[in-house]
Amino acid sequence: MHITGFYKNSGFTLVESIVVIVLTAIMAVFVMARFTEGDTFNSVIVRDQIVSLARTAQQAALGRNNVTMTITPSAGGDMVTLETTYSGGTIDSYELDLSNVSLSGDINKTASCSVDDGDFSISNSTPMTLGFESFGDLGVSGVTGNTGAVTSAVRICVNNSDVESVCVSPSGFAYAGDCDV
């Protein structure tokens with residue numbers, strides 16, 4: 001039986017449908033932006049791997065001499081190899097994507113990378129080498145052709161950003177951020 005004046009509506013109004021479509025489009029724009037920029041976090045990944053491998057090298061150096069960590073970008077500049085070695089062979093090695101990442105470095109300079117870029121570009125022909133001594137301290141280190149004894153710090157500037165950069169103290173401890181020694 002049907003009672004006049006009481007219709008039960010089911011479904012969406014035109015306004016509700018348009019609001020849902022607009023909200024879905026806004027969310028899709030943000031999601032697509034994250035997928036199309038896949039190299040957004042490359043600099044953070046490179047920074048964190050450098051810190052991790054430098055700490056591994058420092059630990060491996062305890063009780064033995066001549067442990068080195070080398071940062072070598074590929075000839076094309078699209079990859080970087082991080083490798084820790086000693087006289088007996090390779091301890092650890094990683095290859096990372098270097099898209100939209102620039103590396104520079106120097107020794108005995110503690111200014112922020114965002115204020116003062118690294119003095120030397122780290123490239124395939126001029127890799128950065130950190131030498132660790134038997135107590136885990138830094139020995140002769142630096143960019144090839146510009147190495148020396150570390151008295152204040154080793155800076156590795158990643159995209160010349162103070163947040164994305166790495167500092168290694170003379171005692172061999174590596175940490176992310178500006179050198180505050």
# chains A, B, ... in the order shown; residues from 1 in each chain; ligands from 1
>>> residues_around(residues="Asp180 of chain A", least_positions_apart="5", cutoff="10 Å", atoms="only C-alpha atoms", output="ChimeraX atom specification")
/A:110-112,152-153,167,169
>>> residues_around(residues="Tyr94 of chain A", least_positions_apart="3", cutoff="8 Å", atoms="only C-alpha atoms", output="list in words")
Thr81, Leu82 and Glu83 of chain A
>>> write_last_selection(atoms="N, CA, C and O atoms", output="PDB file, in the first residue's frame")
ATOM      1  N   THR A  81      78.892   4.475  -5.200  1.00  0.00           N
ATOM      2  CA  THR A  81      79.310   3.270  -4.497  1.00  0.00           C
ATOM      3  C   THR A  81      79.940   3.683  -3.174  1.00  0.00           C
ATOM      4  O   THR A  81      80.848   4.516  -3.140  1.00  0.00           O
ATOM      5  N   LEU A  82      79.445   3.110  -2.086  1.00  0.00           N
ATOM      6  CA  LEU A  82      80.009   3.301  -0.755  1.00  0.00           C
ATOM      7  C   LEU A  82      80.639   1.978  -0.369  1.00  0.00           C
ATOM      8  O   LEU A  82      79.970   0.944  -0.363  1.00  0.00           O
ATOM      9  N   GLU A  83      81.936   2.006  -0.067  1.00  0.00           N
ATOM     10  CA  GLU A  83      82.641   0.752   0.188  1.00  0.00           C
ATOM     11  C   GLU A  83      83.598   0.907   1.363  1.00  0.00           C
ATOM     12  O   GLU A  83      84.323   1.890   1.455  1.00  0.00           O
TER      13      GLU A  83
END
>>> residues_around(residues="segment 118-135 of chain A", least_positions_apart="4", cutoff="9 Å", atoms="only C-alpha atoms", output="JSON, numbers by chain")
{"A": [54, 57, 58, 59, 60, 61, 62, 63, 64, 65, 66, 67, 68, 69, 70, 71, 72, 73, 74, 75, 76, 77, 80, 102, 103, 104, 105, 106, 107, 109, 113, 139, 140, 141, 142, 143, 144, 145, 146, 147, 154, 155, 156, 157, 160, 171, 172]}
>>> atom_distance(atom1="atom CA of Cys179 of chain A", atom2="atom CA of Asp78 of chain A")
26.9 Å
>>> closest_residue(among="A:Leu23, A:Val31, A:Ile18, A:Val101", to="Met79 of chain A", atoms="only C-alpha atoms")
A:Val101
>>> select_by_dssp(residues="segment 79-172 of chain A", states="strand (DSSP E or B)", output="number ranges by chain")
A: 79-86, 89-97, 103-107, 120-121, 128-132, 138, 141-143, 146-148, 154-158, 166-168
